[in-house]
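To be precise, the following lines are data-v2.txt, and they hold compact mmCIF, C-alpha atoms.
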# COMPACT_ATOMS: atom_id res chain seq x y z
CA MET A 8 109.68 -106.07 -60.86
CA ASP A 9 109.94 -108.22 -64.01
CA ASN A 10 106.18 -108.74 -64.08
CA LEU A 11 105.61 -105.01 -63.69
CA LEU A 12 107.97 -104.04 -66.52
CA GLN A 13 106.57 -106.78 -68.75
CA ASP A 14 103.06 -105.47 -68.25
CA ILE A 15 104.15 -101.86 -68.81
CA ASN A 16 105.95 -102.89 -72.01
CA ARG A 17 102.84 -104.77 -73.14
CA ILE A 18 100.71 -101.65 -72.70
CA SER A 19 103.42 -99.59 -74.36
CA TYR A 20 103.33 -101.85 -77.40
CA GLN A 21 99.54 -101.54 -77.60
CA LEU A 22 99.88 -97.75 -77.52
CA LEU A 23 102.35 -97.90 -80.41
CA ILE A 24 99.76 -99.76 -82.47
CA GLU A 25 96.60 -97.96 -81.36
CA GLU A 26 97.88 -94.51 -80.32
CA PRO A 27 101.22 -93.95 -82.14
CA PHE A 28 101.77 -90.45 -80.78
CA TYR A 29 101.62 -91.58 -77.15
CA GLY A 30 103.39 -94.86 -77.93
CA HIS A 31 106.41 -93.22 -79.55
CA LEU A 32 106.55 -90.63 -76.81
CA PHE A 33 106.43 -93.18 -73.99
CA VAL A 34 109.11 -95.47 -75.46
CA GLY A 35 111.86 -92.94 -74.84
CA PHE A 36 111.52 -92.84 -71.04
CA VAL A 37 113.05 -95.06 -68.35
CA LYS A 38 110.46 -96.91 -66.21
CA LYS A 39 111.07 -97.79 -62.56
CA LYS A 40 109.23 -99.51 -59.75
CA ILE A 41 108.51 -97.59 -56.54
CA THR A 42 106.89 -98.34 -53.21
CA SER A 43 105.45 -94.98 -52.19
CA GLN A 44 102.30 -92.93 -52.30
CA HIS A 45 103.04 -91.53 -55.75
CA LYS A 46 101.33 -94.50 -57.51
CA LEU A 47 102.23 -93.40 -61.05
CA SER A 48 104.17 -90.30 -62.00
CA PHE A 49 107.54 -89.11 -63.26
CA VAL A 50 110.58 -87.38 -61.78
CA PRO A 51 113.71 -85.72 -63.18
CA SER A 52 116.64 -88.10 -63.52
CA ARG A 53 120.33 -87.60 -64.07
CA GLU A 54 119.91 -88.09 -67.81
CA PHE A 55 116.38 -86.80 -68.47
CA ILE A 56 113.06 -87.94 -66.96
CA GLU A 57 111.98 -91.33 -65.61
CA PHE A 58 108.50 -92.76 -65.01
CA ILE A 59 107.76 -94.37 -61.66
CA PHE A 60 105.11 -97.05 -61.04
CA GLU A 61 103.65 -98.47 -57.82
CA PRO A 62 102.86 -102.15 -58.67
CA GLU A 63 99.81 -102.62 -56.44
CA TYR A 64 98.13 -99.54 -57.86
CA TRP A 65 99.09 -100.41 -61.44
CA PHE A 66 97.77 -103.96 -61.41
CA ALA A 67 94.50 -102.84 -59.78
CA GLN A 68 93.56 -100.87 -62.93
CA THR A 69 91.70 -102.03 -66.04
CA GLU A 70 93.45 -102.23 -69.41
CA LYS A 71 91.92 -98.98 -70.63
CA VAL A 72 92.73 -97.12 -67.42
CA LYS A 73 96.37 -98.28 -67.61
CA LYS A 74 96.62 -96.73 -71.05
CA GLY A 75 94.81 -93.65 -69.83
CA LEU A 76 97.16 -93.23 -66.86
CA ILE A 77 100.20 -93.31 -69.14
CA LYS A 78 98.59 -90.88 -71.57
CA HIS A 79 97.62 -88.65 -68.64
CA GLU A 80 101.23 -88.38 -67.43
CA LEU A 81 102.60 -87.92 -70.95
CA LEU A 82 100.20 -85.05 -71.53
CA HIS A 83 101.45 -83.34 -68.39
CA LEU A 84 104.92 -83.46 -69.95
CA VAL A 85 103.65 -82.25 -73.32
CA TYR A 86 102.13 -79.22 -71.62
CA LYS A 87 105.24 -78.96 -69.38
CA HIS A 88 103.16 -78.69 -66.23
CA PRO A 89 105.88 -79.80 -63.78
CA LEU A 90 108.22 -77.15 -65.21
CA ARG A 91 105.60 -74.44 -64.70
CA ALA A 92 104.82 -75.20 -61.05
CA ARG A 93 107.11 -72.44 -59.78
CA GLU A 94 104.83 -69.87 -61.38
CA TYR A 95 101.93 -70.81 -59.08
CA LYS A 96 101.75 -70.12 -55.37
CA MET A 97 98.98 -72.60 -54.49
CA LYS A 98 100.46 -75.93 -55.56
CA ASN A 99 97.38 -78.06 -54.79
CA ILE A 100 95.21 -75.74 -56.87
CA PHE A 101 97.82 -75.89 -59.62
CA TYR A 102 97.78 -79.70 -59.61
CA LEU A 103 94.00 -79.71 -59.97
CA ALA A 104 94.02 -77.15 -62.76
CA SER A 105 96.64 -79.10 -64.71
CA ASP A 106 94.51 -82.23 -64.41
CA LEU A 107 91.52 -80.39 -65.85
CA VAL A 108 93.61 -79.48 -68.90
CA VAL A 109 94.93 -83.01 -69.40
CA ASN A 110 91.84 -85.09 -68.67
CA GLN A 111 89.83 -83.38 -71.39
CA ASN A 112 92.09 -85.21 -73.87
CA LEU A 113 91.07 -88.63 -72.49
CA GLN A 114 87.98 -90.79 -72.79
CA THR A 115 85.85 -91.45 -69.70
CA GLU A 116 86.75 -95.15 -69.67
CA GLU A 117 90.46 -94.26 -69.64
CA LEU A 118 90.18 -92.37 -66.35
CA PRO A 119 90.33 -93.88 -62.83
CA HIS A 120 87.17 -93.57 -60.76
CA ASP A 121 88.56 -90.70 -58.70
CA ALA A 122 89.95 -88.67 -61.60
CA PHE A 123 89.49 -84.92 -61.33
CA THR A 124 87.33 -83.74 -64.24
CA LEU A 125 84.96 -80.98 -65.27
CA LEU A 126 82.12 -83.48 -64.88
CA PHE A 127 83.06 -84.07 -61.25
CA LEU A 128 83.06 -80.33 -60.64
CA GLU A 129 79.60 -80.11 -62.16
CA THR A 130 78.36 -82.56 -59.53
CA GLN A 131 79.83 -80.25 -56.88
CA GLY A 132 78.09 -77.17 -58.24
CA VAL A 133 81.14 -75.65 -59.94
CA HIS A 134 80.63 -74.91 -63.65
CA LEU A 135 83.73 -74.27 -65.77
CA GLU A 136 84.15 -73.95 -69.54
CA THR A 137 85.79 -76.63 -71.67
CA ASN A 138 89.02 -76.38 -73.69
CA LYS A 139 90.50 -73.54 -71.66
CA ASN A 140 94.13 -73.10 -70.65
CA LEU A 141 95.84 -73.78 -67.35
CA ASN A 142 95.62 -70.19 -66.12
CA TYR A 143 91.85 -70.13 -66.62
CA TYR A 144 91.31 -73.26 -64.50
CA TYR A 145 93.81 -72.17 -61.86
CA ASP A 146 92.14 -68.79 -61.44
CA ALA A 147 88.67 -70.37 -61.33
CA LEU A 148 89.65 -72.90 -58.65
CA LEU A 149 91.50 -70.22 -56.73
CA LYS A 150 88.26 -68.23 -56.53
CA VAL A 151 86.58 -71.29 -55.05
CA TYR A 152 89.32 -71.44 -52.45
CA GLU A 153 89.10 -67.73 -51.65
CA LYS A 154 85.35 -67.94 -51.15
CA SER A 155 85.99 -70.50 -48.43
CA ASN A 156 86.60 -67.62 -46.02
CA ASP A 157 82.97 -66.60 -46.48
CA CYS A 158 81.60 -70.09 -46.08
CA ASN A 159 79.27 -70.59 -43.15
CA SER A 160 81.02 -73.04 -40.84
CA GLU A 161 77.65 -74.48 -39.82
CA GLN A 162 76.65 -75.19 -43.42
CA ASN A 163 76.62 -78.91 -44.26
CA ASP A 164 75.88 -78.73 -47.98
CA ASP A 165 79.04 -80.12 -49.59
CA ALA A 166 77.96 -79.00 -53.04
CA VAL A 167 78.16 -75.30 -52.27
CA CYS A 168 80.67 -75.00 -49.44
CA PRO A 169 84.18 -74.36 -50.87
CA ILE A 170 85.91 -75.60 -47.71
CA ASN A 171 84.25 -78.99 -47.96
CA LEU A 172 84.77 -79.06 -51.70
CA LEU A 173 88.52 -78.46 -51.43
CA SER A 174 88.73 -81.01 -48.65
CA LYS A 175 87.29 -83.55 -51.08
CA LEU A 176 89.65 -82.51 -53.84
CA GLU A 177 92.78 -82.94 -51.75
CA LYS A 178 91.95 -86.61 -51.21
CA ARG A 179 91.78 -87.37 -54.91
CA THR A 180 94.36 -89.24 -56.99
CA CYS A 181 96.17 -86.21 -58.39
CA PHE A 182 97.65 -85.27 -55.03
CA SER A 183 99.32 -88.64 -54.58
CA SER A 184 100.85 -88.54 -58.08
CA HIS A 185 101.75 -84.89 -58.60
CA GLU A 186 103.57 -84.32 -55.33
CA SER A 187 106.57 -85.89 -57.05
CA TRP A 188 106.71 -82.78 -59.24
CA ARG A 189 108.21 -80.92 -56.32
CA SER A 190 111.52 -82.52 -57.29
CA PHE A 191 111.47 -80.29 -60.38
CA ASP A 192 111.17 -77.28 -58.07
CA ASP A 193 114.34 -78.46 -56.31
CA ASN A 194 116.29 -78.33 -59.59
CA ILE A 195 118.23 -75.23 -60.48
CA GLU A 196 116.47 -73.31 -63.24
CA ALA A 197 119.20 -74.15 -65.73
CA LYS A 198 118.66 -77.90 -65.31
CA ASN A 199 114.93 -77.55 -65.87
CA GLY A 200 115.78 -75.55 -68.96
CA ILE A 201 117.81 -78.47 -70.30
CA ILE A 202 114.87 -80.79 -69.60
CA GLU A 203 112.48 -78.44 -71.40
CA ASN A 204 114.81 -78.16 -74.37
CA ASN A 205 115.14 -81.95 -74.60
CA LEU A 206 111.36 -82.29 -74.40
CA ASN A 207 110.98 -79.79 -77.23
CA HIS A 208 113.40 -81.79 -79.40
CA LEU A 209 111.42 -84.96 -78.64
CA PHE A 210 108.06 -83.33 -79.40
CA VAL A 211 109.29 -81.87 -82.68
CA SER A 212 110.66 -85.24 -83.80
CA ILE A 213 107.43 -87.09 -82.99
CA ASN A 214 105.27 -84.30 -84.41
CA ASN A 215 107.11 -84.57 -87.73
CA LYS A 216 106.75 -88.34 -87.75
CA MET A 217 103.03 -88.25 -87.02
CA THR A 218 102.45 -85.57 -89.67
CA LEU A 219 104.41 -87.50 -92.28
CA ASN A 220 102.45 -90.72 -91.67
CA ASN A 221 99.17 -89.00 -90.77
CA SER A 222 98.95 -91.28 -87.72
CA TRP A 223 97.71 -88.91 -85.04
CA GLY A 224 95.03 -91.28 -83.74
CA SER A 225 92.89 -89.67 -81.04
CA VAL A 226 95.12 -86.61 -80.59
CA SER A 227 92.83 -83.57 -80.50
CA GLU A 228 93.09 -80.60 -82.85
CA SER A 229 93.90 -78.30 -79.94
CA LEU A 230 96.81 -80.52 -78.85
CA ARG A 231 98.10 -80.72 -82.43
CA SER A 232 97.93 -76.93 -82.67
CA TYR A 233 99.88 -76.63 -79.43
CA LEU A 234 102.58 -78.99 -80.74
CA ASP A 235 102.81 -76.93 -83.93
CA THR A 236 103.72 -73.87 -81.86
CA ILE A 237 106.66 -75.82 -80.38
CA VAL A 238 107.79 -76.81 -83.89
CA ILE A 239 107.65 -73.19 -85.04
CA TYR A 240 109.59 -72.05 -81.98
CA LYS A 241 112.35 -74.61 -82.58
CA THR A 242 112.72 -73.93 -86.31
CA GLN A 243 113.04 -70.20 -85.66
CA LYS A 244 116.11 -70.92 -83.56
CA VAL A 245 117.85 -73.53 -85.67
CA ASP A 246 120.14 -71.30 -87.81
CA TRP A 247 122.47 -70.26 -85.02
CA LYS A 248 122.95 -73.88 -84.02
CA ARG A 249 124.01 -74.81 -87.53
CA ALA A 250 126.36 -71.83 -87.65
CA LEU A 251 127.86 -72.94 -84.33
CA LYS A 252 128.51 -76.49 -85.55
CA VAL A 253 130.03 -75.32 -88.85
CA PHE A 254 132.26 -72.84 -87.02
CA VAL A 255 133.53 -75.48 -84.57
CA THR A 256 134.24 -77.94 -87.37
CA SER A 257 136.14 -75.37 -89.41
CA SER A 258 138.25 -74.32 -86.41
CA LYS A 259 139.74 -77.77 -85.87
CA LYS A 260 143.48 -78.01 -86.46
CA THR A 261 145.64 -80.96 -87.36
CA TYR A 262 149.15 -81.78 -86.19
CA LEU A 263 151.65 -84.62 -86.54
CA LYS A 264 152.40 -86.96 -83.66
CA ASN A 265 155.38 -89.29 -83.54
CA THR A 266 154.62 -92.94 -82.86
CA LEU A 267 156.72 -96.03 -82.30
CA SER A 268 153.86 -98.33 -83.22
CA ARG A 269 154.58 -98.39 -86.93
CA PRO A 270 157.14 -96.97 -89.41
CA SER A 271 156.33 -94.20 -91.83
CA ARG A 272 154.83 -95.74 -94.96
CA ARG A 273 156.25 -93.00 -97.11
CA TYR A 274 159.80 -92.93 -95.84
CA GLY A 275 160.12 -96.23 -93.96
CA THR A 276 161.62 -94.45 -90.97
CA ILE A 277 161.00 -95.00 -87.26
CA PRO A 278 159.31 -93.34 -85.46
CA GLY A 279 156.35 -93.02 -87.75
CA THR A 280 153.81 -90.22 -87.64
CA LYS A 281 150.07 -89.94 -87.16
CA ILE A 282 147.80 -87.08 -88.10
CA LYS A 283 145.86 -85.95 -85.05
CA ARG A 284 143.08 -83.40 -84.65
CA ARG A 285 142.99 -80.85 -81.87
CA ASN A 286 140.33 -78.35 -80.95
CA ILE A 287 140.45 -75.98 -77.99
CA LEU A 288 137.54 -73.57 -77.75
CA CYS A 289 137.40 -70.45 -75.63
CA ILE A 290 133.73 -69.82 -74.84
CA VAL A 291 133.02 -66.40 -73.41
CA LEU A 292 129.82 -65.72 -71.45
CA ASP A 293 128.76 -62.11 -71.15
CA THR A 294 127.72 -61.84 -67.48
CA SER A 295 126.80 -58.16 -67.58
CA GLY A 296 123.24 -58.82 -66.43
CA SER A 297 121.12 -59.04 -69.58
CA LEU A 298 121.57 -62.78 -70.20
CA ARG A 299 118.35 -64.78 -69.73
CA ASP A 300 118.41 -68.26 -68.22
CA ARG A 301 116.42 -69.65 -71.15
CA ASP A 302 119.09 -68.43 -73.62
CA LEU A 303 121.89 -69.88 -71.51
CA GLN A 304 120.14 -73.23 -71.16
CA GLU A 305 119.59 -73.73 -74.87
CA TYR A 306 123.10 -72.55 -75.63
CA PHE A 307 124.67 -75.11 -73.30
CA HIS A 308 122.50 -77.85 -74.74
CA GLU A 309 124.45 -77.33 -77.98
CA ILE A 310 127.79 -76.87 -76.22
CA PHE A 311 127.32 -80.23 -74.49
CA HIS A 312 127.12 -82.06 -77.84
CA ILE A 313 130.25 -80.27 -79.07
CA TRP A 314 132.11 -81.22 -75.88
CA LYS A 315 131.09 -84.87 -76.36
CA GLN A 316 133.14 -84.87 -79.58
CA ASN A 317 136.33 -84.60 -77.50
CA VAL A 318 136.59 -80.84 -77.86
CA GLU A 319 138.42 -79.11 -75.02
CA ILE A 320 136.35 -76.14 -73.83
CA ILE A 321 137.44 -73.33 -71.53
CA ILE A 322 134.65 -71.14 -70.16
CA VAL A 323 135.41 -67.47 -69.50
CA GLU A 324 132.83 -65.41 -67.60
CA CYS A 325 133.32 -61.72 -68.20
CA ASP A 326 131.63 -58.33 -67.91
CA VAL A 327 134.02 -55.37 -67.92
CA ASP A 328 136.70 -57.68 -66.50
CA ILE A 329 137.15 -61.44 -66.42
CA GLN A 330 135.31 -62.83 -63.41
CA ARG A 331 136.54 -66.42 -63.67
CA SER A 332 137.62 -69.11 -66.15
CA TYR A 333 137.46 -72.90 -65.92
CA ALA A 334 137.33 -76.07 -67.97
CA TYR A 335 133.89 -77.21 -69.09
CA LYS A 336 133.10 -80.77 -67.90
CA GLY A 337 129.66 -81.38 -69.38
CA LYS A 338 127.57 -79.49 -66.83
CA ILE A 339 125.90 -76.10 -66.96
CA PRO A 340 127.99 -73.57 -65.02
CA SER A 341 126.66 -72.25 -61.73
CA PHE A 342 126.12 -69.00 -63.50
CA THR A 343 126.46 -65.70 -61.61
CA GLN A 344 125.82 -62.22 -62.95
CA GLY A 345 128.64 -59.71 -63.23
CA ARG A 346 128.66 -56.16 -62.00
CA GLY A 347 127.18 -54.66 -65.17
CA GLY A 348 128.76 -53.23 -68.30
CA THR A 349 130.68 -55.16 -70.93
CA SER A 350 134.14 -55.01 -72.50
CA PHE A 351 135.12 -57.39 -75.29
CA ASP A 352 138.87 -56.75 -74.97
CA ALA A 353 139.62 -58.68 -71.77
CA PRO A 354 138.57 -62.19 -72.95
CA ILE A 355 140.15 -61.68 -76.39
CA ALA A 356 143.47 -60.76 -74.77
CA TYR A 357 143.10 -63.65 -72.32
CA ASN A 358 142.71 -66.15 -75.13
CA ASN A 359 145.60 -64.61 -77.08
CA ASP A 360 148.03 -64.79 -74.15
CA VAL A 361 146.80 -67.52 -71.75
CA ILE A 362 144.30 -70.03 -73.20
CA LYS A 363 145.62 -69.89 -76.77
CA GLY A 364 142.50 -71.64 -78.01
CA ASP A 365 141.88 -72.36 -81.67
CA ALA A 366 138.72 -70.25 -81.75
CA ILE A 367 136.52 -67.99 -79.60
CA ILE A 368 132.75 -68.25 -79.28
CA TYR A 369 131.40 -65.11 -77.65
CA PHE A 370 127.87 -65.34 -76.19
CA THR A 371 126.67 -61.77 -75.65
CA ASP A 372 123.98 -59.18 -76.26
CA GLY A 373 126.54 -57.13 -78.19
CA MET A 374 126.11 -54.06 -75.96
CA ALA A 375 129.67 -52.81 -75.76
CA GLU A 376 132.21 -50.76 -77.69
CA SER A 377 133.99 -52.43 -80.58
CA PRO A 378 137.02 -54.41 -79.35
CA LYS A 379 140.36 -52.65 -79.67
CA ILE A 380 142.41 -55.84 -79.29
CA LYS A 381 142.74 -58.03 -82.37
CA SER A 382 142.04 -61.73 -81.90
CA ARG A 383 144.65 -64.13 -83.24
CA VAL A 384 141.99 -66.78 -83.89
CA PRO A 385 138.53 -66.73 -85.51
CA ILE A 386 135.59 -65.45 -83.43
CA LEU A 387 131.94 -66.43 -83.66
CA TRP A 388 129.68 -63.83 -82.06
CA LEU A 389 126.34 -65.28 -80.91
CA ILE A 390 124.09 -62.28 -80.25
CA TYR A 391 120.95 -62.78 -78.19
CA ASN A 392 117.97 -60.44 -77.67
CA LYS A 393 118.94 -58.13 -80.54
CA LYS A 394 118.31 -57.87 -84.29
CA GLU A 395 121.11 -55.46 -85.20
CA LEU A 396 124.38 -54.05 -83.85
CA THR A 397 125.61 -50.52 -83.38
CA ASN A 398 129.28 -51.51 -83.27
CA ASP A 399 131.77 -53.32 -85.50
CA LEU A 400 132.76 -56.87 -84.61
CA ASP A 401 135.47 -58.78 -86.45
CA GLY A 402 134.46 -62.35 -87.20
CA ARG A 403 131.18 -64.14 -87.88
CA VAL A 404 128.10 -62.53 -86.28
CA VAL A 405 124.91 -64.59 -85.80
CA PHE A 406 121.70 -63.25 -84.26
CA MET A 407 120.11 -66.02 -82.21
CA ASN A 408 116.56 -64.73 -81.75
CA THR A 409 115.65 -63.33 -85.14
Written form, structure tokens:
Amino acid sequence: MDNLLQDINRISYQLLIEEPFYGHLFVGFVKKKITSQHKLSFVPSREFIEFIFEPEYWFAQTEKVKKGLIKHELLHLVYKHPLRAREYKMKNIFYLASDLVVNQNLQTEELPHDAFTLLFLETQGVHLETNKNLNYYYDALLKVYEKSNDCNSEQNDDAVCPINLLSKLEKRTCFSSHESWRSFDDNIEAKNGIIENNLNHLFVSINNKMTLNNSWGSVSESLRSYLDTIVIYKTQKVDWKRALKVFVTSSKKTYLKNTLSRPSRRYGTIPGTKIKRRNILCIVLDTSGSLRDRDLQEYFHEIFHIWKQNVEIIIVECDVDIQRSYAYKGKIPSFTQGRGGTSFDAPIAYNNDVIKGDAIIYFTDGMAESPKIKSRVPILWLIYNKKELTNDLDGRVVFMNT
């Protein structure tokens, strides 16, 4: 194991020098040894994502191929291929199509001998265009598969018979490495959303660093353009996060706590006093049916960091009535939709009389009548999927998707 990690770290260091984009990206992931058919891939972990390496396969590769294998897997993450697998019915075709996208970013000497490329397809009589997206390659390979029904079973020409062609493809490297992606399919959608959001944060950070130092190396223009779209997407959504953090900070309250550990410096009396901070947040989730998983995932990414600052958080799920309430413990709720319709009064009254939190954060599409009950504490309304309101809401209103 030590020899494996030492060699991986050595290659990682070379990437930092020669290919800073890939080097900086690879440094942030945990690396583990495996003894399975996956050879080299990655899987979701409890914290984020971890890379897995099969030693025998790794040490059998040349120096350039080792770098290429790491770059290959990193590019799959950049394009978020494992997170998109659910969109495609034919998984083996999907794996092949994703490899065609990724391998066009690598040099020939960086690819293993059995890599799936456009050049290989050319030798099999299949001609596809370069620099196309995943859907293009998936649809093209799917047509090859569908034509297999018309293939003459007595035909022995491998170059034109789709059945024989796909039989060859399924024996190639990608199927021993990408099967591990099925573990992403086993995740609940919310967890994959957290992974995607964390990847976006990582890509934006590295993109900014590479742009500042102009150290892109061999990164293609098309890949840089793709990364720019992620940066634009993230900056468009940053204002509501800042508003959330400012609101939480301003809602903190202080109180005095008696202590026997030291006398009061001012009065010399015992017990002394300490100034303590307390923050109890009531976070209301509108479960009326219009909330998208993507919105919820990004929202709880920010809530997690607030909770880590020792903030007590009570979650209230509500449509017309309160469906349930519970303490947040650092995990995304097993979110269930309500019956439809929304009323803002029930959670406001619940916080006034039961939770008695220092502030309310209401996550909603805003589609309800103005609340009739007055909140005793400040409210931050986070409005998703809308650009304006038709009702009056007391408190701070922030539109998340504008």
Atom pair CA of Leu126 in chain A / CA of Arg91 in chain A: separation (Å):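 If I compute the distance from CA of Leu126 in chain A to CA of Arg91 in chain A, I get 25.2 Å.
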Residue neighbourhood Lys46 in chain A, 12 Å, only C-alpha atoms, exclusion window fewer than 3 positions, as number ranges by chain: A: 39-43, 49, 58-68, 73, 76-77, 80, 180-187
Spatial neighbours of Ser19 in chain A, max dist 10 Å, all atoms listed in the file, sep filter under 3 positions, as JSON, numbers by chain: {"A": [13, 14, 15, 16, 22, 23, 24, 25, 26, 27, 29, 30, 31, 32, 33, 34, 73, 74, 77]}
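With distances restricted to all atoms listed in the file, A:Gly200 is the closest residue to Glu305 in chain A from A:Gly75, A:Gly200, A:Pro119, A:Pro51.
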Separation of CA of Asp192 in chain A from CA of Cys325 in chain A, in Å and rounded to one decimal: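 CA of Cys325 in chain A lies at a distance of 28.9 Å from CA of Asp192 in chain A.
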Minimum-distance residue to Val72 in chain A, chosen among A:Ser190, A:Asp106, A:Gln114, A:Thr124 (using all atoms listed in the file):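 Going through A:Ser190, A:Asp106, A:Gln114, A:Thr124 one by one, the smallest distance to Val72 in chain A is for A:Gln114.
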All residues 9 Å or closer to Asn138 in chain A, all atoms listed in the file, same chain fewer than 5 positions away omitted, as a list of chain:residue names: A:Val108, A:Gln111, A:Ser229
Among listed residues A:Val85, A:Ile386, A:Leu141, A:Ile380, nearest Ile213 in chain A (using all atoms listed in the file): A:Val85
Proximity to Leu84 in chain A - best of A:Tyr152, A:Phe210, A:Tyr144, A:Tyr102, only C-alpha atoms: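 Answer, going by the shortest atom-to-atom distance: A:Phe210.
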Distance of CA of Phe311 in chain A from CA of Phe36 in chain A, expressed in Å to one decimal place: 20.5 Å
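Distances from A:Ser52, A:Asp146, A:Ile237, A:Glu116 to Val211 in chain A were compared using only C-alpha atoms, and the smallest one belongs to A:Ile237.
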Residue list as an NGL selection string for point (113.0, -91.6, -68.6), cut-off 7 Å, only C-alpha atoms: :A and (35-38 or 55-58)
Test item: residues at most 7 Å from range 327-339 of chain A, all atoms listed in the file, excluding those fewer than 2 positions along its chain, as a ChimeraX atom specification: /A:307,311,314,320-325,341,348-350,353-354
Which residue of A:Arg189, A:Lys252, A:Phe123, A:Ser295 approaches Gln316 in chain A most closely, using all atoms listed in the file: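 Counting all atoms listed in the file, the residue closest to Gln316 in chain A is A:Lys252.
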Selection as a list in words: residues within 12 Å of (146.8, -66.5, -72.1), counting only C-alpha atoms: Cys289, Ile321, Val323, Ser332, Ala353, Pro354, Ile355, Ala356, Tyr357, Asn358, Asn359, Asp360, Val361, Ile362, Lys363, Gly364, Ser382 and Arg383 of chain A
